[in-house]
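Asks: My file is final.tsv. It has TSV, C-alpha atoms:
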chain	number	residue	atom	x	y	z
G	974	CYS	CA	-174.79	-46.32	81.15
G	975	SER	CA	-171.87	-44.52	82.74
G	976	LYS	CA	-170.36	-45.83	85.95
G	977	GLN	CA	-171.86	-42.87	87.88
G	978	ASP	CA	-175.37	-43.92	86.83
G	979	GLN	CA	-174.91	-47.53	87.92
G	980	PRO	CA	-175.96	-48.78	91.36
G	981	GLN	CA	-172.96	-48.87	93.69
G	982	LEU	CA	-171.73	-52.45	94.07
G	983	ASN	CA	-170.30	-51.75	97.46
G	984	HIS	CA	-167.84	-53.89	99.38
G	985	PRO	CA	-169.63	-56.00	102.04
G	986	SER	CA	-167.80	-54.30	104.89
G	987	GLN	CA	-169.34	-50.99	103.79
G	988	GLY	CA	-172.83	-52.47	104.03
G	989	PHE	CA	-174.60	-53.98	101.03
G	990	GLU	CA	-176.19	-51.31	98.87
G	991	LEU	CA	-176.95	-54.03	96.33
G	992	PRO	CA	-177.56	-57.56	97.62
G	993	SER	CA	-175.46	-60.32	96.08
G	994	THR	CA	-178.29	-61.77	93.97
G	995	ARG	CA	-179.22	-58.34	92.56
G	996	ARG	CA	-175.54	-57.59	91.95
G	997	LYS	CA	-175.25	-60.75	89.86
G	998	GLY	CA	-178.45	-59.94	87.98
G	999	PHE	CA	-177.24	-56.42	87.28
G	1000	LEU	CA	-173.84	-57.62	86.06
G	1001	THR	CA	-175.44	-60.24	83.81
G	1002	GLU	CA	-177.79	-57.68	82.31
G	1003	HIS	CA	-174.98	-55.20	81.64
G	1004	ALA	CA	-172.38	-57.73	80.52
G	1005	ALA	CA	-170.03	-56.67	77.76
G	1006	PRO	CA	-169.92	-58.74	74.55
G	1007	PHE	CA	-167.94	-61.94	75.13
G	1008	SER	CA	-164.29	-61.83	74.14
G	1009	ALA	CA	-163.17	-63.64	71.00
G	1010	PHE	CA	-159.85	-64.26	72.77
G	1011	LEU	CA	-161.54	-66.49	75.37
G	1012	THR	CA	-163.57	-68.40	72.76
G	1013	ASP	CA	-161.84	-71.46	71.33
G	1014	SER	CA	-162.04	-72.99	67.85
G	1015	PHE	CA	-164.98	-75.18	68.99
G	1016	GLY	CA	-167.03	-72.17	70.13
G	1017	ARG	CA	-166.53	-72.81	73.85
G	1018	ARG	CA	-166.60	-69.58	75.85
G	1019	HIS	CA	-164.24	-69.62	78.81
G	1020	ASN	CA	-165.84	-67.48	81.50
G	1021	TYR	CA	-164.48	-69.40	84.50
G	1022	LEU	CA	-160.89	-69.00	85.73
G	1023	ARG	CA	-159.23	-71.07	88.46
G	1024	ILE	CA	-156.19	-69.45	90.08
G	1025	SER	CA	-153.81	-71.43	92.27
G	1026	LEU	CA	-152.55	-69.28	95.15
G	1027	THR	CA	-149.88	-71.67	96.41
G	1028	GLU	CA	-148.28	-75.05	95.77
G	1029	LYS	CA	-148.04	-75.73	99.51
G	1030	CYS	CA	-150.56	-77.75	101.46
G	1031	ASN	CA	-151.03	-78.70	105.11
G	1032	LEU	CA	-152.29	-82.18	104.10
G	1033	ARG	CA	-150.75	-84.93	101.95
G	1034	CYS	CA	-153.73	-86.53	100.20
G	1035	GLN	CA	-152.79	-89.74	98.41
G	1036	TYR	CA	-154.56	-88.92	95.12
G	1037	CYS	CA	-153.17	-85.39	94.98
G	1038	MET	CA	-149.57	-85.46	96.16
G	1039	PRO	CA	-146.97	-88.14	95.47
G	1040	GLU	CA	-145.78	-89.94	98.62
G	1041	GLU	CA	-142.28	-88.52	98.22
G	1042	GLY	CA	-143.70	-84.97	98.11
G	1043	VAL	CA	-143.14	-82.47	95.32
G	1044	GLN	CA	-140.35	-80.09	94.36
G	1045	LEU	CA	-141.75	-76.69	95.29
G	1046	THR	CA	-141.14	-73.73	93.00
G	1047	PRO	CA	-138.87	-71.05	94.54
G	1048	LYS	CA	-140.95	-68.20	95.97
G	1049	SER	CA	-139.49	-65.67	93.53
G	1050	GLU	CA	-140.96	-67.68	90.65
G	1051	LEU	CA	-144.49	-67.76	92.08
G	1052	LEU	CA	-147.02	-65.09	91.16
G	1053	THR	CA	-147.08	-62.10	93.50
G	1054	THR	CA	-150.40	-60.77	94.78
G	1055	GLN	CA	-150.15	-57.85	92.37
G	1056	GLU	CA	-149.55	-60.21	89.44
G	1057	ILE	CA	-152.55	-62.34	90.45
G	1058	ILE	CA	-154.81	-59.28	90.55
G	1059	THR	CA	-153.38	-57.92	87.28
G	1060	LEU	CA	-154.11	-61.21	85.48
G	1061	ALA	CA	-157.53	-61.55	87.12
G	1062	ARG	CA	-158.47	-58.03	86.01
G	1063	LEU	CA	-157.40	-58.84	82.46
G	1064	PHE	CA	-159.45	-62.05	82.31
G	1065	VAL	CA	-162.52	-60.37	83.85
G	1066	LYS	CA	-162.25	-57.55	81.31
G	1067	GLU	CA	-162.34	-60.20	78.57
G	1068	GLY	CA	-165.45	-61.93	79.94
G	1069	VAL	CA	-164.52	-64.16	82.90
G	1070	ASP	CA	-167.29	-63.79	85.49
G	1071	LYS	CA	-166.27	-66.53	87.96
G	1072	ILE	CA	-162.92	-66.98	89.69
G	1073	ARG	CA	-162.10	-69.91	91.95
G	1074	LEU	CA	-159.06	-69.79	94.22
G	1075	THR	CA	-157.27	-73.11	94.60
G	1076	GLY	CA	-153.88	-74.43	95.68
G	1077	GLY	CA	-152.20	-76.46	97.09
G	1078	GLU	CA	-154.32	-75.21	99.95
G	1079	PRO	CA	-155.34	-71.60	99.20
G	1080	LEU	CA	-156.19	-70.76	102.80
G	1081	ILE	CA	-152.58	-71.11	103.90
G	1082	ARG	CA	-151.60	-68.12	101.76
G	1083	PRO	CA	-151.21	-65.43	104.45
G	1084	ASN	CA	-153.05	-62.67	102.52
G	1085	VAL	CA	-155.89	-64.76	101.07
G	1086	VAL	CA	-158.53	-62.50	102.69
G	1087	ASP	CA	-156.94	-59.44	101.06
G	1088	ILE	CA	-156.85	-61.21	97.67
G	1089	VAL	CA	-160.59	-61.98	97.92
G	1090	GLY	CA	-161.23	-58.33	98.85
G	1091	GLN	CA	-159.27	-57.08	95.83
G	1092	LEU	CA	-161.03	-59.51	93.48
G	1093	TYR	CA	-164.40	-58.33	94.82
G	1094	LYS	CA	-163.66	-54.85	93.46
G	1095	LEU	CA	-163.29	-56.13	89.87
G	1096	GLU	CA	-166.28	-54.86	87.92
G	1097	GLY	CA	-167.95	-57.71	86.03
G	1098	LEU	CA	-166.85	-60.51	88.35
G	1099	GLN	CA	-169.98	-62.23	89.62
G	1100	THR	CA	-168.65	-65.13	91.68
G	1101	ILE	CA	-165.57	-65.58	93.88
G	1102	ALA	CA	-165.19	-69.16	95.09
G	1103	VAL	CA	-162.60	-71.17	96.96
G	1104	THR	CA	-161.76	-74.88	97.07
G	1105	THR	CA	-160.24	-75.80	100.41
G	1106	ASN	CA	-159.36	-78.82	102.52
G	1107	GLY	CA	-161.24	-77.10	105.34
G	1108	ILE	CA	-158.48	-77.22	107.96
G	1109	ASN	CA	-158.28	-73.40	108.33
G	1110	LEU	CA	-161.83	-72.66	107.19
G	1111	ALA	CA	-163.70	-72.18	110.47
G	1112	ARG	CA	-161.11	-69.64	111.61
G	1113	LEU	CA	-160.95	-67.65	108.36
G	1114	LEU	CA	-164.47	-67.87	106.95
G	1115	PRO	CA	-166.06	-64.91	108.78
G	1116	ARG	CA	-163.35	-62.62	107.35
G	1117	LEU	CA	-163.50	-64.25	103.91
G	1118	LYS	CA	-167.26	-63.76	103.79
G	1119	GLU	CA	-166.89	-60.13	104.77
G	1120	ALA	CA	-164.28	-59.68	102.03
G	1121	GLY	CA	-166.73	-60.98	99.40
G	1122	LEU	CA	-166.37	-64.77	99.14
G	1123	ASP	CA	-169.49	-66.18	97.43
G	1124	ALA	CA	-169.01	-69.95	97.28
G	1125	ILE	CA	-167.09	-72.74	98.99
G	1126	ASN	CA	-166.05	-76.28	98.06
G	1127	ILE	CA	-164.59	-78.37	100.88
G	1128	SER	CA	-162.68	-81.58	100.23
G	1129	LEU	CA	-163.63	-84.52	102.47
G	1130	ASP	CA	-163.16	-88.13	101.40
G	1131	THR	CA	-164.25	-90.01	104.51
G	1132	LEU	CA	-166.42	-89.61	107.59
G	1133	VAL	CA	-164.20	-91.95	109.62
G	1134	PRO	CA	-161.50	-90.01	111.53
G	1135	ALA	CA	-158.90	-92.83	111.44
G	1136	LYS	CA	-159.42	-93.31	107.70
G	1137	PHE	CA	-159.12	-89.55	107.21
G	1138	GLU	CA	-155.62	-89.70	108.72
G	1139	PHE	CA	-154.72	-92.58	106.43
G	1140	ILE	CA	-155.93	-90.80	103.26
G	1141	VAL	CA	-154.49	-87.35	104.00
G	1142	ARG	CA	-151.48	-88.59	106.02
G	1143	ARG	CA	-152.26	-85.96	108.69
G	1144	LYS	CA	-154.73	-85.31	111.54
G	1145	GLY	CA	-157.53	-82.73	111.15
G	1146	PHE	CA	-160.87	-84.47	110.57
G	1147	HIS	CA	-162.69	-82.50	113.27
G	1148	LYS	CA	-161.35	-79.18	111.95
G	1149	VAL	CA	-162.80	-79.99	108.51
G	1150	MET	CA	-166.21	-80.84	110.02
G	1151	GLU	CA	-166.04	-77.59	112.01
G	1152	GLY	CA	-165.34	-75.73	108.75
G	1153	ILE	CA	-168.36	-77.32	107.03
G	1154	ASN	CA	-170.60	-76.42	109.97
G	1155	LYS	CA	-169.28	-72.84	110.01
G	1156	ALA	CA	-170.06	-72.46	106.29
G	1157	VAL	CA	-173.64	-73.64	106.87
G	1158	GLU	CA	-173.96	-71.36	109.90
G	1159	LEU	CA	-172.80	-68.34	107.87
G	1160	GLY	CA	-175.47	-68.98	105.25
G	1161	TYR	CA	-173.53	-70.50	102.35
G	1162	ASN	CA	-176.02	-72.49	100.30
G	1163	PRO	CA	-175.13	-74.92	98.99
G	1164	VAL	CA	-171.95	-75.80	100.81
G	1165	LYS	CA	-170.22	-78.10	98.34
G	1166	VAL	CA	-168.35	-81.11	99.73
G	1167	ASN	CA	-165.95	-82.81	97.29
G	1168	CYS	CA	-165.42	-86.54	97.83
G	1169	VAL	CA	-162.95	-88.44	95.63
G	1170	VAL	CA	-164.21	-92.04	95.53
G	1171	MET	CA	-161.54	-94.75	95.48
G	1172	ARG	CA	-162.24	-98.47	95.40
G	1173	GLY	CA	-161.07	-100.30	98.48
G	1174	LEU	CA	-160.80	-97.07	100.42
G	1175	ASN	CA	-164.07	-95.17	100.75
G	1176	GLU	CA	-166.65	-96.47	98.27
G	1177	ASP	CA	-168.35	-98.18	101.24
G	1178	GLU	CA	-169.20	-94.71	102.66
G	1179	LEU	CA	-171.31	-93.45	99.74
G	1180	LEU	CA	-174.61	-93.83	101.59
G	1181	ASP	CA	-173.25	-92.15	104.74
G	1182	PHE	CA	-172.28	-89.14	102.64
G	1183	VAL	CA	-175.75	-89.01	101.07
G	1184	VAL	CA	-177.30	-88.99	104.58
G	1185	LEU	CA	-175.26	-85.82	105.32
G	1186	THR	CA	-177.56	-84.00	102.86
G	1187	LYS	CA	-180.70	-84.88	104.79
G	1188	ASN	CA	-180.79	-81.93	107.19
G	1189	GLN	CA	-178.14	-79.57	105.81
G	1190	PRO	CA	-177.87	-77.50	102.61
G	1191	LEU	CA	-174.91	-79.55	101.36
G	1192	ASP	CA	-174.11	-80.60	97.81
G	1193	VAL	CA	-171.97	-83.73	98.23
G	1194	ARG	CA	-170.06	-84.21	94.98
G	1195	PHE	CA	-168.72	-87.69	94.30
G	1196	ILE	CA	-165.66	-87.39	92.06
G	1197	GLU	CA	-164.29	-90.19	89.92
G	1198	TYR	CA	-160.68	-90.90	90.82
G	1199	MET	CA	-158.47	-89.24	88.18
G	1200	PRO	CA	-154.91	-90.02	87.05
G	1201	PHE	CA	-152.22	-87.45	87.91
G	1202	ASP	CA	-148.48	-87.67	88.12
G	1203	GLY	CA	-147.37	-89.73	91.11
G	1204	ASN	CA	-150.80	-90.71	92.46
G	1205	LYS	CA	-150.48	-94.41	91.49
G	1206	TRP	CA	-153.75	-94.27	89.55
G	1207	ASN	CA	-155.03	-97.50	88.13
G	1208	PHE	CA	-158.31	-98.33	86.46
G	1209	LYS	CA	-159.30	-100.83	89.17
G	1210	LYS	CA	-159.31	-98.09	91.84
G	1211	MET	CA	-161.80	-95.99	89.87
G	1212	VAL	CA	-165.46	-96.30	90.85
G	1213	SER	CA	-167.55	-95.07	87.91
G	1214	TYR	CA	-170.49	-92.70	88.18
G	1215	LYS	CA	-172.90	-95.44	87.03
G	1216	GLU	CA	-171.72	-97.79	89.77
G	1217	MET	CA	-172.03	-95.06	92.41
G	1218	LEU	CA	-175.49	-94.11	91.17
G	1219	ASP	CA	-176.63	-97.75	91.30
G	1220	THR	CA	-175.45	-98.02	94.91
G	1221	VAL	CA	-177.37	-94.88	95.91
G	1222	ARG	CA	-180.47	-95.91	93.94
G	1223	GLN	CA	-180.65	-99.26	95.70
G	1224	ARG	CA	-181.06	-97.40	99.00
G	1225	TRP	CA	-183.21	-94.52	97.63
G	1226	PRO	CA	-185.07	-95.80	94.52
G	1227	ASP	CA	-186.96	-92.50	94.17
G	1228	LEU	CA	-183.76	-90.46	93.75
G	1229	GLU	CA	-184.58	-87.47	91.51
G	1230	LYS	CA	-182.34	-86.15	88.73
G	1231	LEU	CA	-182.02	-82.36	88.85
G	1232	PRO	CA	-181.60	-80.01	85.88
G	1233	CYS	CA	-178.12	-78.50	85.47
G	1234	GLU	CA	-176.40	-75.72	83.54
G	1235	ALA	CA	-174.88	-76.52	80.15
G	1236	SER	CA	-171.32	-75.96	81.38
G	1237	SER	CA	-171.77	-77.89	84.64
G	1238	THR	CA	-169.29	-80.68	85.35
G	1239	ALA	CA	-171.73	-82.31	87.76
G	1240	LYS	CA	-174.75	-84.57	87.29
G	1241	ALA	CA	-177.03	-83.59	90.16
G	1242	TYR	CA	-179.55	-85.70	92.08
G	1243	LYS	CA	-181.69	-85.29	95.18
G	1244	VAL	CA	-183.32	-87.65	97.64
G	1245	PRO	CA	-186.92	-86.39	97.99
G	1246	ASP	CA	-187.42	-84.38	101.21
G	1247	PHE	CA	-183.67	-84.09	101.82
G	1248	GLN	CA	-182.53	-80.50	102.25
G	1249	GLY	CA	-179.34	-80.90	100.21
G	1250	GLN	CA	-178.36	-82.81	97.09
G	1251	ILE	CA	-175.65	-85.04	95.65
G	1252	SER	CA	-173.70	-84.74	92.41
G	1253	PHE	CA	-171.36	-86.89	90.36
G	1254	ILE	CA	-168.26	-85.52	88.60
G	1255	THR	CA	-167.71	-87.95	85.74
G	1256	SER	CA	-164.37	-86.71	84.37
G	1257	MET	CA	-163.26	-90.22	83.40
G	1258	SER	CA	-166.31	-92.30	82.42
G	1259	GLU	CA	-168.34	-89.53	80.71
G	1260	HIS	CA	-166.18	-86.47	80.03
G	1261	PHE	CA	-167.75	-83.02	79.72
G	1262	CYS	CA	-165.12	-81.51	77.43
G	1263	GLY	CA	-167.74	-80.33	74.92
G	1264	SER	CA	-169.10	-77.73	77.34
G	1265	CYS	CA	-165.84	-76.89	79.14
G	1266	ASN	CA	-165.67	-73.22	80.12
G	1267	ARG	CA	-162.62	-73.40	82.42
G	1268	LEU	CA	-159.09	-72.06	82.32
G	1269	ARG	CA	-156.42	-72.48	85.00
G	1270	ILE	CA	-153.48	-70.41	86.17
G	1271	THR	CA	-150.93	-72.33	88.25
G	1272	ALA	CA	-149.20	-70.77	91.26
G	1273	ASP	CA	-146.09	-70.24	89.15
G	1274	GLY	CA	-148.09	-68.33	86.56
G	1275	ASN	CA	-148.65	-70.89	83.80
G	1276	LEU	CA	-151.92	-70.93	81.87
G	1277	LYS	CA	-153.37	-74.43	81.45
G	1278	VAL	CA	-156.31	-74.64	79.07
G	1279	CYS	CA	-157.08	-78.26	80.04
G	1280	LEU	CA	-156.70	-79.91	83.45
G	1281	PHE	CA	-155.49	-83.12	81.78
G	1282	GLY	CA	-153.38	-81.49	79.07
G	1283	ASN	CA	-149.66	-80.96	79.52
G	1284	SER	CA	-149.29	-77.85	77.37
G	1285	GLU	CA	-148.75	-74.64	79.33
G	1286	VAL	CA	-147.80	-71.05	78.57
G	1287	SER	CA	-146.08	-68.80	81.14
G	1288	LEU	CA	-148.08	-65.63	81.72
G	1289	ARG	CA	-145.66	-64.79	84.54
G	1290	ASP	CA	-142.69	-64.56	82.18
G	1291	HIS	CA	-144.58	-62.35	79.74
G	1292	LEU	CA	-145.79	-60.12	82.60
G	1293	ARG	CA	-142.28	-59.76	84.01
G	1294	SER	CA	-140.75	-59.00	80.64
G	1295	GLY	CA	-143.09	-56.02	80.35
G	1296	ALA	CA	-145.73	-57.36	77.93
G	1297	SER	CA	-148.57	-54.90	77.35
G	1298	GLU	CA	-152.16	-55.79	78.16
G	1299	ASP	CA	-152.88	-56.25	74.45
G	1300	GLU	CA	-149.90	-58.58	74.05
G	1301	LEU	CA	-151.03	-60.65	77.06
G	1302	VAL	CA	-154.54	-60.93	75.62
G	1303	GLN	CA	-153.07	-62.12	72.30
G	1304	ILE	CA	-150.95	-64.75	74.10
G	1305	ILE	CA	-153.94	-65.96	76.13
G	1306	GLY	CA	-156.11	-66.01	72.99
G	1307	ALA	CA	-153.54	-68.09	71.12
G	1308	ALA	CA	-153.39	-70.64	73.96
G	1309	VAL	CA	-157.20	-70.86	74.16
G	1310	GLY	CA	-157.30	-71.24	70.37
G	1311	ARG	CA	-155.05	-74.31	70.62
G	1312	LYS	CA	-157.32	-76.04	73.14
G	1313	LYS	CA	-158.25	-79.52	71.95
G	1314	LYS	CA	-161.76	-80.81	71.46
G	1315	GLN	CA	-161.46	-83.24	74.38
G	1316	HIS	CA	-158.93	-84.80	76.72
G	1317	ALA	CA	-157.07	-87.96	75.76
G	1318	GLY	CA	-159.25	-90.44	77.67
G	1319	MET	CA	-158.54	-92.11	80.99
G	1320	PHE	CA	-156.12	-94.77	79.76
G	1321	ASN	CA	-154.02	-92.33	77.74
G	1322	ILE	CA	-154.09	-89.70	80.49
G	1323	SER	CA	-152.70	-92.24	82.94
G	1324	GLN	CA	-149.64	-92.66	80.67
G	1325	MET	CA	-149.13	-88.93	80.03
G	1326	LYS	CA	-146.62	-86.70	81.77
G	1327	ASN	CA	-148.54	-84.01	83.65
G	1328	ARG	CA	-148.10	-82.13	86.91
G	1329	PRO	CA	-149.28	-83.78	90.12
G	1330	MET	CA	-152.68	-82.35	91.14
G	1331	ILE	CA	-151.06	-80.36	93.98
G	1332	LEU	CA	-149.08	-78.34	91.40
G	1333	ILE	CA	-152.10	-77.69	89.15
G	1334	GLY	CA	-154.73	-76.55	91.62
G	1335	GLY	CA	-157.60	-78.84	90.62
Now, as a test, write the supplied structure out as structure tokens.
Replies:
Amino acid sequence: CSKQDQPQLNHPSQGFELPSTRRKGFLTEHAAPFSAFLTDSFGRRHNYLRISLTEKCNLRCQYCMPEEGVQLTPKSELLTTQEIITLARLFVKEGVDKIRLTGGEPLIRPNVVDIVGQLYKLEGLQTIAVTTNGINLARLLPRLKEAGLDAINISLDTLVPAKFEFIVRRKGFHKVMEGINKAVELGYNPVKVNCVVMRGLNEDELLDFVVLTKNQPLDVRFIEYMPFDGNKWNFKKMVSYKEMLDTVRQRWPDLEKLPCEASSTAKAYKVPDFQGQISFITSMSEHFCGSCNRLRITADGNLKVCLFGNSEVSLRDHLRSGASEDELVQIIGAAVGRKKKQHAGMFNISQMKNRPMILIGG
């Protein structure tokens, strides 16, 4: 049907003419055929794009940023807001229906609310999400929600304030908790809390994190510690999903496994009668490469087809040299076509040269 015949998917600040759930249903029903350019040689359809808005962060998490810091890209080499929206529009036109904004810390980009508002206007985009460390969240979330933000992931690796300072090398624990509470208060459900589990550091807090889901609509996601450049990864620090699950099951033997989508990275569980749930991200012990639907654009405009792969193609350079939309789609399609069947495995990844996590965007 023509655009005039379609229900108006109005911006939230204009009042919802079509509630979010109906909007998603409508967009799904009227979806265009999926782009061959975003389908790889193994038939995986890439409908989920993660865009890093900045390399900067107001924390210094040990597993994300090397102790000595990172060499930041000069501002002129980072994507401008217009370039971000141009690329996002192109990917959405080809079939991407979910965009997640990452960093660094995306909420320190001064115009992040405006970027969310511009993404909201892209016809066909069903979900706009953000992954944040939560420091600026309580302050910005009302405006982000009004601009059209659908989903939030908040990183929190400990519930002990002193340990928080040790892990992130900064203060801010109470601001993060305030951000989580603000997300619940504003009706986000679930509010996802990402917890990287590291042996000798926070694996003793697993049960405390599960208890957080008792009375709040949280999805606490326990993430296996992953090797990235400069994070001193070693196998002994990694607590596997099976070990974590055993620990939780000893306390709650009736833990229920929940069904999940084919492309989900998380194995979801619920303690009966708890309002929220827990999940395990098993990137290392049981990879989910076979159903991967994700692509990443770094803050300096490089397309990464695999989080753990070190091959990248600069979309920024092609954009700035005046490539047409068709040429960009061909370049993206070629990169997606080269995507491997699976990542190299945890031991090989730990030996590979890759960006530190801070310069990828998770």
Asks: Compile the contact shell of Ile1251 (chain G) as number ranges by chain: residues with an atom at most 6 Å away, counting all atoms listed in the file, same-chain residues fewer than 4 positions apart removed.
Replies: G: 1192-1194, 1241-1242
Asks: Write the residues of the selection above to a file with C-alpha atoms, as a compact mmCIF listing (two decimals), in the coordinates of the input.
Replies:
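Okay, result-v3.txt is ready:
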# COMPACT_ATOMS: atom_id res chain seq x y z
CA ASP G 1192 -174.11 -80.60 97.81
CA VAL G 1193 -171.97 -83.73 98.23
CA ARG G 1194 -170.06 -84.21 94.98
CA ALA G 1241 -177.03 -83.59 90.16
CA TYR G 1242 -179.55 -85.70 92.08
Asks: Which one is closest to Leu1122 (chain G): G:Ser1025, G:Gln1091, G:Gln1315, G:Asn1175? Count all atoms listed in the file.
Replies: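 That would be G:Gln1091, the residue with the smallest distance to Leu1122 (chain G).
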Asks: Neighbours of region 1282-1297 of chain G within 10 Å (all atoms listed in the file; same-chain residues fewer than 3 positions away dropped), as a ChimeraX atom specification?
Replies: /G:1050-1053,1056-1057,1059-1060,1269-1279,1300-1305,1307-1308,1311-1313,1315-1317,1322,1325-1328
Asks: Here is a test: counting all atoms listed in the file, which residue of G:Pro1163, G:Gly1090, G:Gly1173, G:Pro1083 is nearest to Gln1248 (chain G)?
Replies: G:Pro1163
Asks: For CA of Gly1310 (chain G) and CA of Phe1015 (chain G), quote the distance in Å rounded to one decimal.
Replies: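 Separating CA of Gly1310 (chain G) from CA of Phe1015 (chain G) is a distance of 8.7 Å.
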Asks: Which residue, G:Lys1155, G:Arg1033, G:Lys1094, G:Lys1144, has the smallest gap to Arg1112 (chain G) when you use all atoms listed in the file?
Replies: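 So, comparing all the options, the nearest one is G:Lys1155.
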Asks: Please return, as number ranges by chain, all polymer residues that have at least one atom within 10 Å of the point (-158.7, -57.6, 100.5); use only C-alpha atoms and the file's own coordinate frame.
Replies: G: 984, 1084-1094, 1116-1117, 1119-1121
Asks: Which one is closest to Ile1140 (chain G): G:Ile1254, G:Ile1072, G:Val1221, G:Val1170? Count only C-alpha atoms.
Replies: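 Smallest separation from Ile1140 (chain G) among the options: G:Val1170.
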Asks: Please measure the separation of CA of Leu1191 (chain G) and CA of Leu1268 (chain G), giving the value in Å to one decimal.
Replies: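 Calculated distance between CA of Leu1191 (chain G) and CA of Leu1268 (chain G) is 25.9 Å.
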Asks: Looking at all atoms listed in the file, which of G:Ile1108, G:Asn1188, G:Pro1115, G:Ile1196 is the one that sits closest to Tyr1036 (chain G)?
Replies: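 Counting all atoms listed in the file, the residue closest to Tyr1036 (chain G) is G:Ile1196.
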Asks: Do you have the CA of Phe1010 (chain G)-CA of Glu1298 (chain G) distance handy?
Replies: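 Atom-to-atom, CA of Phe1010 (chain G) and CA of Glu1298 (chain G) are spaced 12.6 Å apart.
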Asks: Using all atoms listed in the file, which residues sit within 12 Å of Pro1134 (chain G) once same-chain residues fewer than 5 positions away are excluded, as a PyMOL selection string?
Replies: chain G and resi 1129+1139-1150
Asks: Write out as an MDAnalysis selection string which residues come within 7 Å of Thr1027 (chain G) when counting all atoms listed in the file, dropping same-chain ones fewer than 2 positions away.
Replies: chainID G and resid 1025 1029 1076:1079 1082 1272
Asks: Go ahead and fit an axis-aligned box to every listed atom of region 1180-1199 of chain G plus 5 Å each side, and pass me the centre and edge lengths in Å, one decimal, as lines of an AutoDock Vina configuration file.
Replies:
center_x = -169.6
center_y = -85.7
center_z = 97.7
size_x = 32.3
size_y = 26.3
size_z = 29.0
Asks: Can I get a file of region 1230-1244 of chain G from the given structure, N, CA and C atoms kept, as a PDB file, in the first residue's frame?
Replies:
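In the end it all went to part_11.pdb:
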ATOM      1  N   LYS G1230      14.142 -23.450  32.197  1.00  0.00           N
ATOM      2  CA  LYS G1230      14.731 -22.957  30.939  1.00  0.00           C
ATOM      3  C   LYS G1230      13.609 -22.324  30.128  1.00  0.00           C
ATOM      4  N   LEU G1231      13.885 -21.157  29.537  1.00  0.00           N
ATOM      5  CA  LEU G1231      12.879 -20.452  28.748  1.00  0.00           C
ATOM      6  C   LEU G1231      13.169 -20.618  27.263  1.00  0.00           C
ATOM      7  N   PRO G1232      12.125 -20.594  26.432  1.00  0.00           N
ATOM      8  CA  PRO G1232      12.363 -20.670  24.978  1.00  0.00           C
ATOM      9  C   PRO G1232      13.039 -19.384  24.506  1.00  0.00           C
ATOM     10  N   CYS G1233      13.808 -19.460  23.412  1.00  0.00           N
ATOM     11  CA  CYS G1233      14.435 -18.237  22.901  1.00  0.00           C
ATOM     12  C   CYS G1233      14.424 -18.243  21.376  1.00  0.00           C
ATOM     13  N   GLU G1234      14.592 -17.045  20.815  1.00  0.00           N
ATOM     14  CA  GLU G1234      14.590 -16.895  19.356  1.00  0.00           C
ATOM     15  C   GLU G1234      15.808 -17.584  18.753  1.00  0.00           C
ATOM     16  N   ALA G1235      15.684 -17.974  17.501  1.00  0.00           N
ATOM     17  CA  ALA G1235      16.774 -18.690  16.811  1.00  0.00           C
ATOM     18  C   ALA G1235      18.071 -17.896  16.814  1.00  0.00           C
ATOM     19  N   SER G1236      17.978 -16.568  16.643  1.00  0.00           N
ATOM     20  CA  SER G1236      19.206 -15.766  16.530  1.00  0.00           C
ATOM     21  C   SER G1236      19.688 -15.231  17.880  1.00  0.00           C
ATOM     22  N   SER G1237      19.056 -15.653  18.969  1.00  0.00           N
ATOM     23  CA  SER G1237      19.433 -15.134  20.283  1.00  0.00           C
ATOM     24  C   SER G1237      20.829 -15.613  20.683  1.00  0.00           C
ATOM     25  N   THR G1238      21.582 -14.715  21.317  1.00  0.00           N
ATOM     26  CA  THR G1238      22.905 -15.087  21.823  1.00  0.00           C
ATOM     27  C   THR G1238      22.796 -15.619  23.246  1.00  0.00           C
ATOM     28  N   ALA G1239      21.611 -15.532  23.825  1.00  0.00           N
ATOM     29  CA  ALA G1239      21.452 -15.829  25.256  1.00  0.00           C
ATOM     30  C   ALA G1239      20.649 -17.096  25.492  1.00  0.00           C
ATOM     31  N   LYS G1240      21.086 -17.874  26.481  1.00  0.00           N
ATOM     32  CA  LYS G1240      20.296 -19.014  26.970  1.00  0.00           C
ATOM     33  C   LYS G1240      19.569 -18.514  28.218  1.00  0.00           C
ATOM     34  N   ALA G1241      18.252 -18.490  28.163  1.00  0.00           N
ATOM     35  CA  ALA G1241      17.461 -17.822  29.204  1.00  0.00           C
ATOM     36  C   ALA G1241      16.855 -18.800  30.207  1.00  0.00           C
ATOM     37  N   TYR G1242      16.840 -18.381  31.464  1.00  0.00           N
ATOM     38  CA  TYR G1242      16.281 -19.183  32.558  1.00  0.00           C
ATOM     39  C   TYR G1242      15.512 -18.262  33.508  1.00  0.00           C
ATOM     40  N   LYS G1243      14.666 -18.892  34.312  1.00  0.00           N
ATOM     41  CA  LYS G1243      13.855 -18.116  35.259  1.00  0.00           C
ATOM     42  C   LYS G1243      13.680 -18.908  36.546  1.00  0.00           C
ATOM     43  N   VAL G1244      13.823 -18.223  37.663  1.00  0.00           N
ATOM     44  CA  VAL G1244      13.467 -18.844  38.942  1.00  0.00           C
ATOM     45  C   VAL G1244      11.952 -18.711  39.070  1.00  0.00           C
TER      46      VAL G1244
END
